[in-house]
$ cat entry.txt   # compact mmCIF, C-alpha atoms
# COMPACT_ATOMS: atom_id res chain seq x y z
CA MET A 588 27.82 88.49 95.25
CA ALA A 589 29.76 91.59 94.29
CA ALA A 590 29.86 92.66 97.93
CA VAL A 591 31.18 89.23 98.96
CA ILE A 592 33.91 89.37 96.31
CA LYS A 593 34.85 92.88 97.48
CA ASP A 594 35.06 91.71 101.08
CA LEU A 595 37.26 88.75 100.08
CA ALA A 596 39.54 91.05 98.12
CA GLN A 597 39.91 93.31 101.15
CA VAL A 598 40.68 90.32 103.37
CA ASN A 599 43.29 89.03 100.90
CA ALA A 600 44.85 92.49 100.67
CA GLY A 601 45.05 92.65 104.44
CA LEU A 602 46.63 89.18 104.63
CA ASN A 603 49.16 90.04 101.93
CA ALA A 604 50.06 93.26 103.74
CA GLU A 605 50.55 91.37 107.00
CA LEU A 606 52.67 88.68 105.30
CA GLN A 607 54.82 91.37 103.68
CA ALA A 608 55.20 93.12 107.03
CA GLN A 609 56.25 89.82 108.63
CA LYS A 610 58.78 89.20 105.86
CA GLU A 611 60.27 92.69 106.31
CA ARG A 612 60.56 92.11 110.05
CA VAL A 613 62.37 88.83 109.45
CA ASP A 614 64.69 90.40 106.86
CA THR A 615 65.71 93.28 109.15
CA VAL A 616 69.14 92.75 110.70
CA ASP A 617 69.30 94.23 114.19
CA PHE A 618 71.66 91.78 115.93
CA LYS A 619 75.14 90.63 114.97
CA MET A 620 77.09 87.81 116.55
CA VAL A 621 80.47 86.16 116.12
CA SER A 622 80.04 82.43 115.70
CA PHE A 623 82.47 79.81 117.02
CA SER A 624 82.53 76.13 117.95
CA LEU A 625 83.00 74.20 121.18
CA ALA A 626 83.21 70.39 121.06
CA GLY A 627 81.64 70.31 117.61
CA LYS A 628 78.64 72.54 118.37
CA GLY A 629 77.96 76.05 117.10
CA TYR A 630 77.84 79.00 119.46
CA GLY A 631 77.54 82.75 119.14
CA VAL A 632 78.33 85.85 121.15
CA ASP A 633 77.04 89.39 120.71
CA ILE A 634 79.53 91.29 118.55
CA MET A 635 79.17 94.27 120.89
CA ASN A 636 81.08 92.23 123.50
CA ILE A 637 83.96 91.40 121.13
CA LYS A 638 87.11 93.50 121.31
CA GLU A 639 89.18 91.36 118.90
CA ILE A 640 90.33 87.81 118.28
CA ALA A 641 93.80 86.46 118.89
CA LYS A 642 95.97 83.36 118.93
CA ALA A 643 98.34 82.52 121.76
CA ASP A 644 100.19 79.55 123.20
CA LYS A 645 101.86 80.89 126.33
CA PHE A 646 99.88 81.84 129.42
CA THR A 647 101.23 82.65 132.86
CA TYR A 648 99.87 80.17 135.37
CA VAL A 649 98.11 81.59 138.42
CA PRO A 650 98.02 79.25 141.45
CA ASN A 651 94.88 78.59 143.50
CA THR A 652 92.49 79.43 140.69
CA ALA A 653 89.65 77.41 139.18
CA SER A 654 90.56 74.61 136.78
CA PHE A 655 89.10 76.47 133.79
CA VAL A 656 91.39 79.49 134.34
CA ARG A 657 94.36 78.95 132.03
CA GLY A 658 96.25 81.87 133.55
CA VAL A 659 96.89 85.45 132.49
CA TYR A 660 98.11 86.85 129.18
CA ASN A 661 99.98 90.00 128.20
CA LEU A 662 97.82 91.65 125.55
CA ARG A 663 99.98 94.53 124.33
CA GLY A 664 100.84 95.59 127.85
CA ASP A 665 97.48 94.77 129.47
CA ILE A 666 97.40 91.69 131.71
CA ILE A 667 94.09 89.89 131.15
CA PRO A 668 92.67 86.65 132.61
CA ILE A 669 92.24 83.74 130.21
CA ILE A 670 89.30 81.35 130.59
CA ASP A 671 89.10 78.07 128.70
CA LEU A 672 85.41 78.06 127.80
CA ARG A 673 85.54 74.34 127.07
CA LEU A 674 86.70 73.53 130.58
CA PHE A 675 84.25 76.06 132.02
CA PHE A 676 81.40 74.08 130.46
CA HIS A 677 83.06 70.66 131.08
CA LEU A 678 83.36 69.99 127.34
CA ARG A 679 85.94 68.05 125.37
CA ALA A 680 88.91 70.21 124.34
CA GLU A 681 90.44 69.74 120.89
CA HIS A 682 94.20 69.24 120.80
CA LYS A 683 96.09 71.86 118.77
CA ASP A 684 99.12 70.52 116.91
CA ASP A 685 100.88 73.91 117.01
CA GLY A 686 99.82 74.70 120.58
CA GLN A 687 98.14 77.94 119.42
CA GLU A 688 94.76 78.50 121.04
CA ASN A 689 91.95 80.46 119.38
CA MET A 690 90.81 83.28 121.64
CA LEU A 691 87.97 85.76 121.72
CA ILE A 692 89.02 88.94 123.52
CA LEU A 693 85.91 90.22 125.26
CA HIS A 694 85.08 93.63 126.68
CA ILE A 695 82.55 93.06 129.45
CA GLU A 696 81.46 96.19 131.33
CA ASP A 697 84.79 97.80 132.28
CA ARG A 698 86.93 94.64 132.11
CA VAL A 699 88.74 92.70 129.38
CA TYR A 700 88.87 88.89 129.30
CA GLY A 701 90.17 86.25 126.93
CA VAL A 702 88.22 83.05 126.28
CA ILE A 703 89.61 80.00 124.52
CA VAL A 704 87.37 78.24 121.97
CA ASP A 705 87.94 75.48 119.42
CA LYS A 706 87.34 77.45 116.22
CA ILE A 707 86.22 80.97 115.35
CA ASP A 708 83.92 81.12 112.34
CA ARG A 709 82.41 84.40 111.12
CA VAL A 710 80.12 87.37 111.74
CA ILE A 711 76.42 86.54 111.32
CA GLY A 712 73.59 89.06 111.06
CA LEU A 713 70.18 88.18 112.46
CA ASN A 714 66.80 89.60 113.28
CA SER A 715 66.44 89.37 117.06
CA ALA A 716 62.86 88.14 116.59
CA SER A 717 64.28 84.92 115.15
CA ILE A 718 66.16 84.14 118.37
CA GLN A 719 64.31 81.59 120.49
CA PRO A 720 64.45 81.30 124.29
CA PRO A 721 66.88 78.69 125.68
CA HIS A 722 65.59 75.23 126.45
CA PRO A 723 66.75 72.65 129.04
CA ILE A 724 67.50 70.27 126.15
CA PHE A 725 70.93 71.92 125.97
CA GLY A 726 72.00 70.00 129.05
CA ASP A 727 75.76 70.35 128.57
CA ILE A 728 75.50 74.13 129.05
CA ASN A 729 73.87 75.66 132.13
CA ILE A 730 70.74 77.34 130.83
CA LYS A 731 71.41 80.50 132.85
CA PHE A 732 74.44 81.18 130.61
CA ILE A 733 72.39 81.03 127.38
CA SER A 734 70.69 84.13 125.94
CA GLY A 735 68.90 82.24 123.19
CA VAL A 736 69.04 79.76 120.35
CA VAL A 737 68.85 80.53 116.64
CA GLU A 738 68.91 78.66 113.33
CA HIS A 739 70.85 80.24 110.47
CA GLU A 740 71.41 78.71 107.03
CA GLY A 741 70.65 75.24 108.34
CA ASP A 742 72.95 75.46 111.38
CA LEU A 743 71.87 75.79 115.00
CA TYR A 744 73.69 78.28 117.25
CA ILE A 745 73.56 78.66 121.01
CA ILE A 746 74.00 82.34 121.93
CA LEU A 747 75.95 82.71 125.15
CA ASP A 748 75.33 85.46 127.68
CA MET A 749 78.91 86.61 128.26
CA VAL A 750 77.84 89.36 130.62
CA ARG A 751 76.28 86.74 132.88
CA ILE A 752 79.29 84.41 132.62
CA PHE A 753 81.76 87.11 133.61
CA SER A 754 79.60 89.18 135.92
CA GLN A 755 81.47 90.24 139.04
CA ARG A 756 78.47 91.59 140.88
CA GLU A 757 77.84 89.84 144.17
CA ALA A 758 74.12 90.38 143.86
CA ASP A 759 74.14 88.63 140.52
CA LYS A 760 76.01 85.68 142.01
CA ALA A 761 73.66 85.44 144.96
CA ALA A 762 70.43 85.73 143.02
CA PRO A 763 70.74 84.52 139.40
CA ARG A 764 68.12 85.80 137.02
CA ALA A 765 65.34 83.53 135.89
CA PRO A 766 66.08 82.02 132.47
CA SER A 767 64.75 84.29 129.77
CA LEU A 768 65.53 85.52 126.31
CA GLU A 769 67.74 88.56 126.84
CA VAL A 770 69.55 89.69 123.74
CA SER A 771 72.44 92.03 124.51
CA PRO A 772 71.90 95.64 123.51
CA VAL A 773 72.99 96.45 119.98
CA ALA A 774 73.56 99.64 118.10
CA PRO A 775 70.76 100.88 115.86
CA ALA A 776 70.73 99.43 112.37
CA GLU A 777 71.66 102.82 110.94
CA ALA A 778 74.86 102.93 113.03
CA LEU A 779 75.88 99.52 111.70
CA ASP A 780 75.45 100.55 108.06
CA ILE A 781 72.60 98.06 107.68
CA ALA A 782 70.31 98.87 104.79
CA GLY A 783 68.94 95.34 104.32
CA PRO A 784 70.61 91.91 104.21
CA GLU A 785 70.80 91.76 100.42
CA THR A 786 72.16 95.25 99.81
CA ASP A 787 75.77 96.13 99.09
CA GLU A 788 75.85 98.44 102.10
CA ALA A 789 74.76 95.63 104.41
CA SER A 790 77.38 93.28 102.97
CA LEU A 791 80.06 95.94 103.38
CA GLY A 792 78.93 96.41 106.98
CA PHE A 793 79.44 92.70 107.63
CA ILE A 794 82.89 92.79 106.07
CA ARG A 795 83.89 95.78 108.19
CA ASP A 796 82.75 93.96 111.32
CA ALA A 797 84.51 90.75 110.32
CA LEU A 798 87.79 92.55 109.59
CA LYS A 799 87.62 94.30 112.96
CA VAL A 800 86.90 91.12 114.90
CA ILE A 801 89.11 88.69 112.98
CA LYS A 802 92.10 90.87 112.07
CA GLY A 803 91.81 94.00 114.22
CA PHE A 804 91.42 96.13 111.07
CA ASN A 805 89.32 99.25 111.68
CA ALA A 806 87.55 100.87 108.74
CA SER A 807 87.70 104.65 109.06
CA PRO A 808 88.45 107.83 107.07
CA VAL A 809 92.13 106.75 107.18
CA ASN A 810 91.39 103.87 104.79
CA ASN A 811 87.85 104.46 103.54
CA ALA A 812 88.89 104.93 99.90
CA TRP A 813 90.63 101.55 99.93
CA VAL A 814 87.75 99.89 101.78
CA GLN A 815 85.26 101.01 99.12
CA LYS A 816 87.54 100.05 96.24
CA ARG A 817 88.39 96.64 97.69
CA PHE A 818 84.74 95.85 98.34
CA ALA A 819 83.90 96.59 94.71
CA GLU A 820 86.67 94.19 93.62
CA TRP A 821 85.61 91.52 96.13
CA SER A 822 81.96 91.75 95.08
CA ARG A 823 82.63 90.82 91.47
CA GLY A 824 81.34 87.29 90.93
CA ARG A 825 80.13 86.99 94.56
CA SER A 826 76.72 87.52 96.10
CA GLY A 827 74.81 86.87 99.29
CA ALA A 828 76.64 84.75 101.85
CA ASP A 829 79.63 84.38 99.51
CA LEU A 830 80.40 88.05 100.10
CA GLN A 831 80.95 87.49 103.81
CA LEU A 832 84.32 86.68 105.36
CA LYS A 833 83.79 83.32 107.01
CA ASN A 834 87.21 82.64 108.52
CA ILE A 835 90.73 83.93 109.06
CA GLY A 836 91.87 82.64 105.65
CA GLU A 837 89.26 84.69 103.81
CA ALA A 838 90.02 87.76 105.93
CA ASP A 839 93.72 87.38 105.06
CA GLU A 840 92.82 87.07 101.38
CA TYR A 841 90.66 90.20 101.58
CA LEU A 842 93.42 92.23 103.26
CA SER A 843 96.20 90.93 100.99
CA ALA A 844 95.56 93.90 98.69
CA PHE A 845 95.87 96.38 101.56
CA TYR A 846 99.50 96.06 102.56
CA SER A 847 102.27 98.28 101.24
CA PRO A 848 104.96 96.94 98.87
CA CYS A 849 107.91 95.12 100.43
CA THR A 850 106.16 94.46 103.74
CA GLY A 851 108.49 92.43 105.97
CA ALA A 852 111.35 92.72 103.49
CA PHE A 853 113.99 95.17 102.29
CA TRP A 854 112.50 97.80 100.00
CA ASP A 855 113.07 97.16 96.31
CA ASP A 856 114.59 99.69 93.92
CA ASP A 857 111.25 100.94 92.58
CA TYR A 858 109.88 101.69 96.05
CA VAL A 859 113.18 103.26 97.13
CA GLY A 860 113.16 105.52 94.08
CA THR A 861 109.66 106.77 94.85
CA VAL A 862 110.48 107.41 98.52
CA LYS A 863 113.54 109.42 97.49
CA SER A 864 111.42 111.53 95.17
CA ILE A 865 109.11 112.73 97.94
CA LEU A 866 111.78 113.48 100.57
CA PRO A 867 112.03 117.26 101.09
CA ASP A 868 115.12 119.37 101.57
CA MET A 869 116.14 119.38 105.23
CA PRO A 870 117.79 122.57 106.55
CA SER A 871 118.88 120.90 109.78
CA GLY A 872 122.10 118.91 110.13
CA SER A 873 120.22 116.43 112.32
CA ILE A 874 117.29 114.32 111.08
CA GLN A 875 115.01 112.71 113.66
CA VAL A 876 112.70 109.88 112.54
CA TRP A 877 110.07 107.80 114.33
CA ASN A 878 109.32 104.33 112.91
CA PRO A 879 106.58 102.62 114.95
CA GLY A 880 105.65 99.08 113.90
CA CYS A 881 109.18 98.44 112.64
CA GLY A 882 109.03 94.64 113.03
CA LYS A 883 112.40 93.03 112.45
CA GLY A 884 113.83 96.25 111.07
CA TYR A 885 113.84 95.63 107.30
CA GLU A 886 112.05 98.90 106.53
CA THR A 887 114.03 100.73 109.24
CA PHE A 888 117.39 99.86 107.70
CA SER A 889 116.06 100.40 104.17
CA PHE A 890 114.96 103.90 105.15
CA ILE A 891 118.23 104.74 106.93
CA CYS A 892 120.17 103.86 103.75
CA ILE A 893 117.89 106.15 101.73
CA LEU A 894 118.32 108.97 104.23
CA LYS A 895 122.11 108.62 104.23
CA GLU A 896 122.17 108.89 100.46
CA ARG A 897 119.68 111.78 100.35
CA TYR A 898 121.29 113.71 103.23
CA PRO A 899 124.95 112.60 103.25
CA SER A 900 126.17 115.18 105.79
CA ALA A 901 123.26 114.89 108.24
CA HIS A 902 123.26 113.07 111.57
CA ILE A 903 120.42 110.55 111.33
CA LYS A 904 118.58 108.97 114.26
CA VAL A 905 115.61 106.62 113.92
CA TRP A 906 113.51 105.60 116.93
CA ALA A 907 112.21 102.17 115.85
CA ASN A 908 109.42 100.72 118.03
CA ASP A 909 107.41 97.52 118.02
CA ASN A 910 105.46 95.47 120.55
CA ASP A 911 107.00 92.22 119.25
CA ILE A 912 109.89 91.79 121.66
CA MET A 913 111.47 88.93 119.68
CA ALA A 914 111.52 91.00 116.49
CA ILE A 915 113.03 94.00 118.28
CA ALA A 916 115.71 91.87 119.94
CA SER A 917 116.84 90.28 116.67
CA ALA A 918 116.67 93.37 114.42
CA PRO A 919 120.23 94.73 114.84
CA ASN A 920 121.87 91.30 114.66
CA MET A 921 120.41 89.82 111.47
CA THR A 922 122.86 88.22 109.03
CA PHE A 923 122.47 87.65 105.28
CA ASP A 924 124.08 86.30 102.17
CA LEU A 925 125.24 89.35 100.26
CA GLU A 926 123.31 88.41 97.12
CA ASP A 927 120.06 88.53 99.16
CA VAL A 928 120.62 92.18 100.04
CA PRO A 929 119.60 95.00 97.63
CA GLU A 930 122.46 96.85 95.95
CA TYR A 931 121.82 100.15 97.76
CA ILE A 932 122.26 98.49 101.18
CA ARG A 933 125.47 96.57 100.42
CA PRO A 934 127.83 99.51 101.14
CA TYR A 935 126.55 99.42 104.71
CA MET A 936 127.18 95.70 105.28
CA VAL A 937 130.20 94.06 106.89
CA LYS A 938 131.30 90.46 106.58
CA GLY A 939 131.38 88.25 109.64
CA LYS A 940 131.86 84.55 110.32
CA ASN A 941 128.12 83.84 109.87
CA GLY A 942 127.55 86.07 106.84
CA TYR A 943 126.98 89.78 106.25
CA SER A 944 125.46 92.05 108.88
CA PHE A 945 124.79 95.76 109.18
CA SER A 946 127.73 98.06 109.78
CA GLN A 947 128.13 99.85 113.08
CA GLU A 948 127.27 103.09 111.29
CA LEU A 949 123.83 101.76 110.40
CA LYS A 950 123.28 100.19 113.83
CA ASP A 951 124.18 103.46 115.54
CA ALA A 952 121.54 105.27 113.49
CA ALA A 953 118.72 103.02 114.75
CA LEU A 954 117.42 102.75 118.30
CA PHE A 955 115.23 99.64 118.53
CA GLU A 956 112.93 99.61 121.55
CA TYR A 957 110.06 97.41 122.69
CA HIS A 958 107.11 99.77 122.99
CA ASP A 959 103.35 99.95 122.49
CA ILE A 960 102.62 103.25 120.74
CA LEU A 961 99.30 103.59 122.56
CA ASN A 962 101.02 103.85 125.93
CA GLY A 963 102.60 107.26 125.34
CA ASN A 964 105.62 108.20 123.25
CA VAL A 965 108.48 110.29 124.62
CA LEU A 966 110.29 111.56 121.53
CA PRO A 967 112.14 114.68 120.37
CA GLU A 968 110.70 117.00 117.74
CA LEU A 969 110.57 114.91 114.57
CA ASP A 970 111.33 115.50 110.91
CA ILE A 971 109.72 112.30 109.59
CA ILE A 972 107.27 109.67 110.83
CA LEU A 973 107.35 106.34 109.02
CA MET A 974 104.27 104.29 109.97
CA ARG A 975 103.22 102.04 107.14
CA ASP A 976 99.92 100.09 107.46
CA LEU A 977 99.82 100.33 111.25
CA LEU A 978 97.28 103.12 111.70
CA SER A 979 94.44 100.99 110.31
CA PHE A 980 95.03 98.29 112.93
CA ILE A 981 94.28 100.44 115.96
CA SER A 982 90.83 101.59 117.07
CA VAL A 983 89.24 104.59 115.38
CA GLN A 984 89.52 106.52 118.65
CA ASN A 985 93.24 105.77 118.83
CA GLN A 986 93.66 106.66 115.16
CA ASP A 987 92.40 110.14 116.03
CA LYS A 988 94.77 110.21 118.99
CA MET A 989 97.74 109.22 116.80
CA ARG A 990 96.92 111.86 114.17
CA ALA A 991 96.91 114.48 116.91
CA GLU A 992 100.26 113.13 118.10
CA PHE A 993 101.64 113.42 114.56
CA SER A 994 100.76 117.13 114.58
CA GLU A 995 102.24 117.62 118.03
CA LYS A 996 105.55 115.84 117.45
CA LEU A 997 106.36 116.87 113.87
CA LYS A 998 108.27 120.00 112.95
CA LYS A 999 106.64 122.44 110.55
CA ASN A 1000 106.66 120.86 107.08
CA GLY A 1001 107.47 117.51 108.69
CA LEU A 1002 106.66 114.39 106.66
CA VAL A 1003 104.42 111.41 107.47
CA ILE A 1004 104.75 108.25 105.35
CA LEU A 1005 101.80 105.87 105.78
CA GLY A 1006 100.80 102.65 104.11
CA ASN A 1007 99.93 103.07 100.45
CA SER A 1008 96.23 102.38 101.24
CA GLU A 1009 96.03 104.98 104.02
CA GLU A 1010 95.59 108.73 104.00
CA LEU A 1011 95.31 111.75 106.30
CA PRO A 1012 92.50 114.37 106.17
CA PRO A 1013 93.16 116.95 103.43
CA ASP A 1014 91.94 119.83 105.59
CA GLU A 1015 94.89 119.25 107.95
CA TRP A 1016 97.56 117.63 105.77
CA GLN A 1017 98.95 118.28 102.32
CA SER A 1018 99.39 115.12 100.25
CA VAL A 1019 102.74 114.63 98.50
CA SER A 1020 101.90 111.00 97.64
CA ARG A 1021 103.29 109.28 94.57
CA GLU A 1022 102.10 105.77 93.82
CA PRO A 1023 102.77 103.52 95.68
CA VAL A 1024 103.98 105.80 98.51
CA SER A 1025 101.36 107.59 100.61
CA ALA A 1026 102.97 110.69 102.18
CA PHE A 1027 101.72 113.89 103.79
CA VAL A 1028 103.27 117.16 104.91
CA HIS A 1029 102.41 118.83 108.17
CA GLY A 1030 101.87 122.52 107.41
$ encode --input "entry.txt" --output "structure tokens"
Amino acid sequence: MAAVIKDLAQVNAGLNAELQAQKERVDTVDFKMVSFSLAGKGYGVDIMNIKEIAKADKFTYVPNTASFVRGVYNLRGDIIPIIDLRLFFHLRAEHKDDGQENMLILHIEDRVYGVIVDKIDRVIGLNSASIQPPHPIFGDINIKFISGVVEHEGDLYIILDMVRIFSQREADKAAPRAPSLEVSPVAPAEALDIAGPETDEASLGFIRDALKVIKGFNASPVNNAWVQKRFAEWSRGRSGADLQLKNIGEADEYLSAFYSPCTGAFWDDDYVGTVKSILPDMPSGSIQVWNPGCGKGYETFSFICILKERYPSAHIKVWANDNDIMAIASAPNMTFDLEDVPEYIRPYMVKGKNGYSFSQELKDAALFEYHDILNGNVLPELDIILMRDLLSFISVQNQDKMRAEFSEKLKKNGLVILGNSEELPPDEWQSVSREPVSAFVHG
């Protein structure tokens, strides 16, 4: 009897070990997808194929193309084809009241495409073992375009094979692969900061991915201190799925704490006072400034007024760039009621028939140009670079490229002013920051 009991105990131990091993396999996240909807159904696409998401309402029509091709779109200087995924699959398309279409910008092999969907949801982490092969029951989608099907938190998702959909290889067109479960390659769990679905590190990994996909925000050494601090704040009172960013609204809420003071507005007196306090003495009678991401010019004109007060005898020139052509076009010609303009700017305003506008002196100091900073920047040797909050919204590779460009274009002891949640590496740059201004000197 004792031998039988011992054997049963060994069997139970073996079963428990196998059950635990199965549970650990299920809990391991080795595949991430961005979920979205088409005609009321849930779909997913491998996050490794996602470049970013966007909204747009104006596409350039291309004649003699398939009905599902909405045209081409200018994505910051790159002309990309736009496919309406609903029309591609012969599905009902939801009408948008504002005309803005939700788009996934995909990077497939060496090409970039935009696909229109009804609604973009969130980043979901899965174990690839939980993904089931496609089944002919999904008759409204050609099975050869489906990588698999998965259930997550009570919802069913069809995972699309975007590589297959957009493949340009003639051999692939002539001889389609037999339907099978083929999950797109993913980075190792370690590279995705995955330490387990219930850990803080895993949740932070999801948030980083969601911010990159939904808002184009790239976590990196430039903003890592803020990313860690914000996650700690966000985590209070939240756990599990509540920690994840499920939509654009939640991503906006998360990033609301990132932006610098007075974004999209004239700088207030407190911010102006701090900027003045970190401006160095300038031996030259000419001050050259670069202000990429200037928008409508509120910060550009605020900064020019500060410079004119700090260096009254200097010739000031600010190269103000943005890839929003409407903002650039309207910047020099804005008009205001005088009481809506801060006191320090009023001496540089002139009255016209439609209100107060900037004086010619201020307009002459600013050169507004439509330009994408990633496409090369022809500038003189600079004294100051003013680039608030923009560095975090370009890829990590391009962040490194821009930091190298800072070093190349700045004079010795030149100043870089970033967003108050951004920083430059201390081994290359000396911080002269004073809350809430983040500033660095090039030695």
$ residues_near_point --input "entry.txt" --point "(123.2, 90.7, 115.5)" --cutoff "12 Å" --atoms "all atoms listed in the file" --output "list in words"
Lys883, Gly884, Ala914, Ile915, Ala916, Ser917, Ala918, Pro919, Asn920, Met921, Thr922, Phe923, Val937, Gly939, Lys940, Asn941, Gly942, Tyr943, Ser944, Phe945, Ser946, Gln947 and Lys950 of chain A
$ residues_near_point --input "entry.txt" --point "(119.7, 107.4, 101.2)" --cutoff "12 Å" --atoms "only C-alpha atoms" --output "ChimeraX atom specification"
/A:856,859-864,866,887-901,903,931-932,934-935,949
$ atom_distance --input "entry.txt" --atom1 "atom CA of Gly735 of chain A" --atom2 "atom CA of Asp748 of chain A"
8.5 Å
$ closest_residue --input "entry.txt" --among "A:Val1024, A:Met690, A:Ile835, A:Ile752" --to "Asp857 of chain A" --atoms "only C-alpha atoms"
A:Val1024
$ closest_residue --input "entry.txt" --among "A:Thr615, A:Asn811, A:Asn661, A:Asn805" --to "Gly712 of chain A" --atoms "only C-alpha atoms"
A:Thr615
$ closest_residue --input "entry.txt" --among "A:Cys881, A:Val704, A:Ala716, A:Val876" --to "Gly851 of chain A" --atoms "only C-alpha atoms"
A:Cys881
$ residues_around --input "entry.txt" --residues "Glu968 of chain A" --least-positions-apart "6" --cutoff "8 Å" --atoms "only C-alpha atoms" --output "PyMOL selection string"
chain A and resi 875+996-998
$ closest_residue --input "entry.txt" --among "A:Arg663, A:Lys628, A:His722, A:Arg679" --to "Leu743 of chain A" --atoms "all atoms listed in the file"
A:Lys628
$ closest_residue --input "entry.txt" --among "A:Ser1018, A:Asn636, A:Asn878, A:Ser822" --to "His958 of chain A" --atoms "all atoms listed in the file"
A:Asn878
$ atom_distance --input "entry.txt" --atom1 "atom CA of Val965 of chain A" --atom2 "atom CA of Phe980 of chain A"
21.5 Å
$ closest_residue --input "entry.txt" --among "A:Phe818, A:Leu842, A:Ile669, A:Ile634" --to "Val649 of chain A" --atoms "all atoms listed in the file"
A:Ile669
$ atom_distance --input "entry.txt" --atom1 "atom CA of Phe655 of chain A" --atom2 "atom CA of Pro721 of chain A"
23.8 Å
$ decode --input "entry.txt" --residues "segment 639-666 of chain A" --atoms "C-alpha atoms" --output "PDB file, in the first residue's frame"
ATOM      1  CA  GLU A 639       2.629  54.542 -36.758  1.00  0.00           C
ATOM      2  CA  ILE A 640      -1.034  55.486 -36.856  1.00  0.00           C
ATOM      3  CA  ALA A 641      -2.485  58.599 -38.419  1.00  0.00           C
ATOM      4  CA  LYS A 642      -5.670  60.419 -39.345  1.00  0.00           C
ATOM      5  CA  ALA A 643      -6.244  62.020 -42.730  1.00  0.00           C
ATOM      6  CA  ASP A 644      -9.079  63.228 -44.920  1.00  0.00           C
ATOM      7  CA  LYS A 645      -7.418  64.270 -48.158  1.00  0.00           C
ATOM      8  CA  PHE A 646      -5.932  61.746 -50.566  1.00  0.00           C
ATOM      9  CA  THR A 647      -4.724  62.353 -54.099  1.00  0.00           C
ATOM     10  CA  TYR A 648      -6.752  60.260 -56.509  1.00  0.00           C
ATOM     11  CA  VAL A 649      -4.818  57.995 -58.867  1.00  0.00           C
ATOM     12  CA  PRO A 650      -6.702  57.025 -62.060  1.00  0.00           C
ATOM     13  CA  ASN A 651      -6.886  53.455 -63.386  1.00  0.00           C
ATOM     14  CA  THR A 652      -6.311  51.841 -60.010  1.00  0.00           C
ATOM     15  CA  ALA A 653      -8.356  49.247 -58.146  1.00  0.00           C
ATOM     16  CA  SER A 654     -11.518  50.417 -56.379  1.00  0.00           C
ATOM     17  CA  PHE A 655     -10.008  49.833 -52.933  1.00  0.00           C
ATOM     18  CA  VAL A 656      -7.079  52.200 -53.625  1.00  0.00           C
ATOM     19  CA  ARG A 657      -8.102  55.543 -52.155  1.00  0.00           C
ATOM     20  CA  GLY A 658      -5.111  57.301 -53.694  1.00  0.00           C
ATOM     21  CA  VAL A 659      -1.762  58.469 -52.391  1.00  0.00           C
ATOM     22  CA  TYR A 660      -0.904  60.516 -49.305  1.00  0.00           C
ATOM     23  CA  ASN A 661       1.963  62.827 -48.408  1.00  0.00           C
ATOM     24  CA  LEU A 662       3.348  61.465 -45.145  1.00  0.00           C
ATOM     25  CA  ARG A 663       5.899  64.096 -44.114  1.00  0.00           C
ATOM     26  CA  GLY A 664       7.393  64.230 -47.588  1.00  0.00           C
ATOM     27  CA  ASP A 665       7.000  60.536 -48.460  1.00  0.00           C
ATOM     28  CA  ILE A 666       4.269  59.693 -50.986  1.00  0.00           C
TER      29      ILE A 666
END
